[in-house]
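Text of start_5.csv, listed as CSV, C-alpha atoms:
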chain,number,residue,atom,x,y,z
A,254,MET,CA,15.7,24.3,-43.1
A,255,LYS,CA,11.9,24.2,-42.5
A,256,ARG,CA,11.8,20.5,-43.6
A,257,ILE,CA,14.7,19.7,-41.2
A,258,PHE,CA,12.9,21.5,-38.3
A,259,LEU,CA,9.6,19.6,-38.9
A,260,LEU,CA,11.5,16.3,-39.1
A,261,THR,CA,13.2,17.0,-35.8
A,262,VAL,CA,9.9,17.9,-34.1
A,263,THR,CA,8.3,14.7,-35.5
A,264,ILE,CA,11.2,12.6,-34.1
A,265,LEU,CA,10.9,14.3,-30.7
A,266,ILE,CA,7.1,13.8,-30.6
A,267,SER,CA,7.5,10.1,-31.6
A,268,ILE,CA,10.0,9.5,-28.9
A,269,GLY,CA,7.7,11.1,-26.3
A,270,LEU,CA,4.8,9.0,-27.5
A,271,SER,CA,6.8,5.8,-27.4
A,272,ALA,CA,7.6,6.2,-23.6
A,273,ARG,CA,5.2,4.1,-21.5
A,274,THR,CA,4.3,3.8,-17.8
A,275,PHE,CA,3.7,0.4,-16.3
A,276,VAL,CA,1.9,0.3,-13.0
A,277,LEU,CA,1.6,-2.5,-10.4
A,278,VAL,CA,-0.9,-1.7,-7.6
A,279,ILE,CA,-1.1,-3.9,-4.5
A,280,GLY,CA,-3.6,-3.6,-1.7
A,281,VAL,CA,-4.0,-6.2,1.1
A,282,SER,CA,-6.8,-5.7,3.5
A,283,ASN,CA,-7.6,-9.4,4.1
A,284,TYR,CA,-4.8,-11.4,5.7
A,285,GLY,CA,-7.0,-14.3,6.5
A,286,SER,CA,-7.3,-13.4,10.2
A,287,GLU,CA,-9.6,-10.9,11.8
A,288,SER,CA,-6.8,-9.7,14.1
A,289,ASN,CA,-4.5,-9.0,11.2
A,290,ASN,CA,-6.9,-7.6,8.7
A,291,LEU,CA,-6.9,-3.9,7.7
A,292,ARG,CA,-9.7,-1.7,6.7
A,293,GLN,CA,-8.6,0.9,4.2
A,294,THR,CA,-5.7,-0.6,2.2
A,295,THR,CA,-7.7,-2.2,-0.6
A,296,LYS,CA,-9.6,1.0,-1.0
A,297,ASP,CA,-6.4,3.0,-1.1
A,298,ALA,CA,-5.0,0.7,-3.9
A,299,LYS,CA,-8.2,1.1,-6.0
A,300,ALA,CA,-8.1,4.9,-5.5
A,301,PHE,CA,-4.5,5.0,-6.6
A,302,LYS,CA,-5.3,2.9,-9.6
A,303,LYS,CA,-8.0,5.4,-10.6
A,304,VAL,CA,-5.6,8.3,-10.4
A,305,MET,CA,-3.0,6.4,-12.5
A,306,GLU,CA,-5.6,5.7,-15.2
A,307,SER,CA,-5.1,9.3,-16.4
A,308,GLN,CA,-1.4,8.5,-16.9
A,309,THR,CA,-1.5,5.0,-18.5
A,310,LYS,CA,-3.6,2.0,-19.5
A,311,ASP,CA,-0.9,-0.4,-18.4
A,312,ILE,CA,-2.1,-1.0,-14.9
A,313,THR,CA,-2.3,-4.3,-12.9
A,314,LEU,CA,-4.2,-4.4,-9.6
A,315,LEU,CA,-3.8,-7.2,-7.1
A,316,THR,CA,-5.8,-7.3,-3.8
A,317,SER,CA,-6.1,-9.6,-0.8
A,318,LYS,CA,-5.5,-13.3,-1.6
A,319,TYR,CA,-4.5,-12.5,-5.1
A,320,ALA,CA,-1.7,-10.3,-3.7
A,321,ASN,CA,0.3,-13.3,-2.6
A,322,LYS,CA,4.1,-13.2,-2.8
A,323,ALA,CA,4.5,-15.4,-5.9
A,324,ASN,CA,1.9,-13.4,-7.8
A,325,ILE,CA,3.3,-10.0,-6.9
A,326,LEU,CA,6.9,-11.0,-7.8
A,327,GLU,CA,5.7,-12.6,-11.0
A,328,LYS,CA,3.8,-9.6,-12.2
A,329,LEU,CA,6.6,-7.2,-11.2
A,330,ARG,CA,9.2,-9.4,-13.0
A,331,ALA,CA,7.1,-9.3,-16.2
A,332,ILE,CA,6.8,-5.6,-16.0
A,333,CYS,CA,10.5,-5.2,-15.5
A,334,ASN,CA,11.2,-7.4,-18.5
A,335,ARG,CA,8.7,-5.5,-20.6
A,336,ALA,CA,9.7,-1.9,-19.9
A,337,GLY,CA,12.2,-0.2,-22.2
A,338,LYS,CA,14.8,2.4,-21.5
A,339,ASP,CA,12.4,5.3,-22.0
A,340,ASP,CA,9.7,3.8,-19.9
A,341,ARG,CA,8.6,4.3,-16.3
A,342,ILE,CA,7.7,1.6,-13.7
A,343,VAL,CA,5.4,2.5,-10.8
A,344,PHE,CA,4.9,0.1,-7.8
A,345,PHE,CA,2.3,0.9,-5.2
A,346,PHE,CA,1.8,-1.2,-2.0
A,347,SER,CA,-0.7,-0.7,0.8
A,348,GLY,CA,-0.8,-3.2,3.6
A,349,HIS,CA,1.2,-4.5,6.6
A,350,GLY,CA,4.9,-4.0,6.8
A,351,MET,CA,7.8,-5.1,9.0
A,352,SER,CA,11.4,-4.3,9.6
A,353,GLY,CA,12.9,-5.4,6.3
A,354,GLY,CA,9.9,-5.6,3.9
A,355,ILE,CA,6.3,-5.6,3.0
A,356,CYS,CA,3.7,-8.2,3.9
A,357,ALA,CA,2.0,-9.9,1.0
A,358,TYR,CA,-1.1,-12.0,1.7
A,359,ASP,CA,1.0,-15.1,2.5
A,360,GLY,CA,4.5,-13.9,3.3
A,361,VAL,CA,7.2,-11.2,3.3
A,362,ILE,CA,8.7,-9.5,0.3
A,363,TYR,CA,12.0,-8.1,1.5
A,364,TYR,CA,13.0,-4.7,0.2
A,365,THR,CA,16.2,-6.4,-1.1
A,366,GLU,CA,14.1,-8.5,-3.4
A,367,LEU,CA,12.1,-5.5,-4.6
A,368,ILE,CA,15.3,-3.5,-5.3
A,369,ALA,CA,16.9,-6.5,-7.1
A,370,LEU,CA,13.9,-6.8,-9.5
A,371,LEU,CA,13.7,-3.1,-10.2
A,372,THR,CA,17.5,-3.0,-10.8
A,373,SER,CA,17.1,-5.7,-13.4
A,374,SER,CA,14.9,-3.4,-15.6
A,375,ASP,CA,16.2,-1.0,-18.2
A,376,ALA,CA,13.3,1.5,-17.4
A,377,GLN,CA,14.3,5.1,-17.1
A,378,TYR,CA,12.5,5.6,-13.8
A,379,LYS,CA,11.4,3.0,-11.2
A,380,ILE,CA,9.1,4.6,-8.6
A,381,ALA,CA,7.8,2.8,-5.5
A,382,TYR,CA,5.1,4.1,-3.1
A,383,ILE,CA,5.1,2.0,0.1
A,384,ASP,CA,2.2,2.6,2.6
A,385,ALA,CA,3.2,0.1,5.3
A,386,CYS,CA,4.3,0.2,8.9
A,387,HIS,CA,7.1,-1.4,10.7
A,388,ALA,CA,4.9,-4.2,12.0
A,389,GLY,CA,7.3,-7.2,12.5
A,390,THR,CA,4.8,-9.1,14.8
A,391,ILE,CA,2.5,-10.0,11.9
A,392,PHE,CA,4.5,-13.0,10.7
A,393,GLY,CA,6.8,-13.4,13.6
A,394,GLY,CA,10.6,-13.5,13.7
A,395,THR,CA,13.2,-10.9,12.8
A,396,PRO,CA,14.9,-10.6,9.4
A,397,THR,CA,18.6,-11.4,9.2
A,398,LYS,CA,21.1,-8.7,9.1
A,399,GLU,CA,21.4,-9.0,5.3
A,400,GLN,CA,17.6,-8.5,5.0
A,401,GLN,CA,17.2,-5.3,7.0
A,402,GLY,CA,15.2,-3.7,4.2
A,403,LEU,CA,15.1,-0.1,5.4
A,404,ASN,CA,18.8,0.0,5.6
A,405,ALA,CA,19.0,-1.7,2.2
A,406,LEU,CA,16.7,0.9,0.7
A,407,LEU,CA,18.8,3.7,2.2
A,408,ASN,CA,22.2,2.3,1.2
A,409,VAL,CA,21.2,0.9,-2.3
A,410,ALA,CA,18.5,3.1,-3.6
A,411,LYS,CA,20.4,6.4,-3.0
A,412,GLU,CA,23.2,5.1,-5.3
A,413,LYS,CA,20.8,4.2,-8.1
A,414,LYS,CA,20.1,6.9,-10.7
A,415,ASP,CA,16.7,5.4,-11.6
A,416,GLN,CA,15.0,4.3,-8.4
A,417,ILE,CA,12.8,6.5,-6.2
A,418,PHE,CA,11.1,5.3,-3.0
A,419,PHE,CA,8.4,7.1,-1.2
A,420,VAL,CA,8.0,5.3,2.2
A,421,GLY,CA,5.0,6.0,4.4
A,422,CYS,CA,6.8,6.3,7.7
A,423,ARG,CA,10.0,6.0,9.6
A,424,GLY,CA,11.3,2.6,10.5
A,425,GLY,CA,10.0,2.7,14.0
A,426,GLU,CA,6.6,4.2,13.2
A,427,TYR,CA,3.2,2.9,12.1
A,428,SER,CA,1.6,3.9,8.8
A,429,LEU,CA,-1.7,5.1,10.1
A,430,GLU,CA,-5.3,4.8,8.7
A,431,SER,CA,-8.0,7.3,9.2
A,432,ALA,CA,-11.5,5.9,9.7
A,433,TRP,CA,-12.9,9.4,9.3
A,434,VAL,CA,-11.7,9.9,5.8
A,435,GLY,CA,-11.6,6.2,4.9
A,436,ALA,CA,-8.0,6.1,3.8
A,437,GLY,CA,-4.4,5.8,5.0
A,438,TYR,CA,-2.8,9.2,5.7
A,439,PHE,CA,0.1,8.5,3.3
A,440,SER,CA,-2.1,7.1,0.4
A,441,GLN,CA,-4.5,10.0,0.8
A,442,ALA,CA,-1.8,12.6,0.6
A,443,LEU,CA,-0.1,10.8,-2.3
A,444,ILE,CA,-3.4,10.7,-4.3
A,445,LYS,CA,-4.1,14.4,-3.6
A,446,GLY,CA,-0.6,15.3,-4.6
A,447,LEU,CA,-0.8,13.4,-7.9
A,448,ARG,CA,-4.1,15.2,-8.7
A,449,GLY,CA,-2.2,18.5,-8.7
A,450,LYS,CA,-2.2,19.6,-5.1
A,451,CYS,CA,1.6,19.4,-4.9
A,452,ASP,CA,2.2,21.5,-8.1
A,453,ARG,CA,3.5,24.7,-6.5
A,454,ASN,CA,4.5,26.4,-9.8
A,455,GLY,CA,1.4,25.4,-11.7
A,456,ASP,CA,3.2,23.9,-14.7
A,457,ARG,CA,1.2,20.6,-14.5
A,458,HIS,CA,4.4,18.6,-14.1
A,459,ILE,CA,5.0,16.9,-10.8
A,460,THR,CA,8.6,16.5,-9.6
A,461,VAL,CA,9.9,14.1,-7.0
A,462,LEU,CA,10.5,16.9,-4.4
A,463,GLU,CA,7.2,18.7,-5.1
A,464,LEU,CA,5.3,15.4,-4.4
A,465,PHE,CA,7.3,14.5,-1.4
A,466,LYS,CA,7.1,17.9,0.3
A,467,TYR,CA,3.4,17.9,-0.1
A,468,ILE,CA,3.0,14.3,1.2
A,469,TYR,CA,5.3,14.9,4.2
A,470,ASN,CA,3.6,18.1,5.3
A,471,ASP,CA,0.1,16.7,4.9
A,472,VAL,CA,0.8,13.4,6.7
A,473,VAL,CA,2.7,15.0,9.6
A,474,LYS,CA,-0.1,17.5,10.1
A,475,ARG,CA,-3.0,15.0,9.9
A,476,SER,CA,-1.3,12.4,12.0
A,477,LEU,CA,-0.4,15.0,14.7
A,478,SER,CA,3.3,14.2,14.1
A,479,LYS,CA,2.9,10.5,14.7
A,480,GLN,CA,3.9,9.6,11.2
A,481,HIS,CA,6.8,10.9,9.1
A,482,PRO,CA,7.1,9.8,5.4
A,483,GLN,CA,10.5,9.3,4.0
A,484,LEU,CA,12.0,9.9,0.6
A,485,ILE,CA,14.9,7.7,-0.6
A,486,VAL,CA,16.4,8.9,-3.9
A,487,SER,CA,19.7,10.0,-5.3
A,488,GLN,CA,20.2,13.7,-5.4
A,489,ALA,CA,20.3,13.6,-9.2
A,490,LEU,CA,16.6,12.5,-9.4
A,491,GLN,CA,15.1,15.0,-6.9
A,492,GLU,CA,13.9,17.4,-9.7
A,493,ALA,CA,12.9,14.6,-12.0
A,494,VAL,CA,9.3,14.8,-13.4
A,495,ILE,CA,7.5,11.7,-12.5
A,496,ALA,CA,3.9,12.5,-13.3
A,497,THR,CA,1.6,15.1,-15.0
A,498,TRP,CA,-1.9,16.1,-14.1
A,499,ASN,CA,-4.9,17.6,-15.9

Could I get this structure in the form of structure tokens?
Amino acid sequence: MKRIFLLTVTILISIGLSARTFVLVIGVSNYGSESNNLRQTTKDAKAFKKVMESQTKDITLLTSKYANKANILEKLRAICNRAGKDDRIVFFFSGHGMSGGICAYDGVIYYTELIALLTSSDAQYKIAYIDACHAGTIFGGTPTKEQQGLNALLNVAKEKKDQIFFVGCRGGEYSLESAWVGAGYFSQALIKGLRGKCDRNGDRHITVLELFKYIYNDVVKRSLSKQHPQLIVSQALQEAVIATWN
């Protein structure tokens, strides 16, 4: 009996150790035009990367001109193909946004494209943190009805049992930066939460709802109710553990 018990424990430990977290971090401050450039987004991306280094070594960081659409989709596709059924994919973006998607250095990545790539992966959890505003004037034009990304997120992601989206603001709001603290409100709250601020019960495990409630309250307070983060997830995943902290 003792031998069977030890064997079972060994198997469980080996399964836990085999699970990996793959992270793609995107920060775009330089859009090639002084009128479109941002101040804090690259700093936010680097700060997020530093926090995730306590979780995994599998981190890819793309900033400014290297964060072009082709590069981002190529890196994400490679991660989706590499991740196994016990693994976790984390996608972080800080930069301009528009109605329907996020703005890479040289073009728009629609949320429908992002969802499609994440859906193609067998990973247990796909977690996206989007710190971007609904800024459709950056590239001009309006997405087609089929490309209305926020609606796509709401309708598609809620049905998925493995996709979790933390979005920095409502569709009609801006995702604000704070010159005083040198960070975006959403990114700052996210980083503080992942460092343990959101862990209400002190078990060092961070659930989806724990993290979102902390982010929401922190951002609404600091933005003086000008920005309201959104959580898009199926009910089945609300209590899922998505990170640990030391």

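Nearest residue to Leu326 in chain A among A:Ile495, A:Phe344, A:Val420, A:Ile459 is A:Phe344, counting only C-alpha atoms.
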
Quiz item: Looking at all atoms listed in the file, which of A:Asp452, A:Asn470, A:Val276, A:Ile325 is the one that sits closest to Lys379 in chain A?
Solution: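 Among A:Asp452, A:Asn470, A:Val276, A:Ile325, it is A:Val276 that comes nearest to Lys379 in chain A.
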
Write out as a compact mmCIF listing (two decimals) with C-alpha atoms, keeping the file's coordinate frame which residues come within 8 Å of Val304 in chain A when counting all atoms listed in the file, dropping same-chain ones fewer than 4 positions away.
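Output file around-v3.txt follows:
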# COMPACT_ATOMS: atom_id res chain seq x y z
CA ALA A 300 -8.10 4.90 -5.50
CA GLN A 308 -1.40 8.50 -16.90
CA ILE A 444 -3.40 10.70 -4.30
CA LEU A 447 -0.80 13.40 -7.90
CA ARG A 448 -4.10 15.20 -8.70

Quiz item: Which distance in Å separates CA of Leu291 in chain A and CA of Ser317 in chain A, to one decimal?
Solution: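 Answer for the CA of Leu291 in chain A to CA of Ser317 in chain A separation: 10.3 Å.
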
Self-check item: Using all atoms listed in the file: which of A:Ala493, A:Cys386, A:Leu429, A:Ala357 has the shortest distance to Thr460 in chain A
Solution: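 Closest to Thr460 in chain A of all the choices is A:Ala493.
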
Self-check item: Nearby residues (only C-alpha atoms) at most 8 Å from Lys322 in chain A, same-chain spacing under 2 positions excluded, as a ChimeraX atom specification
Solution: /A:320,324-326,357-362

Quiz item: Expressed in Å to a single decimal, how great is the separation between CA of Ser428 in chain A and CA of Lys479 in chain A?
Solution: 8.9 Å
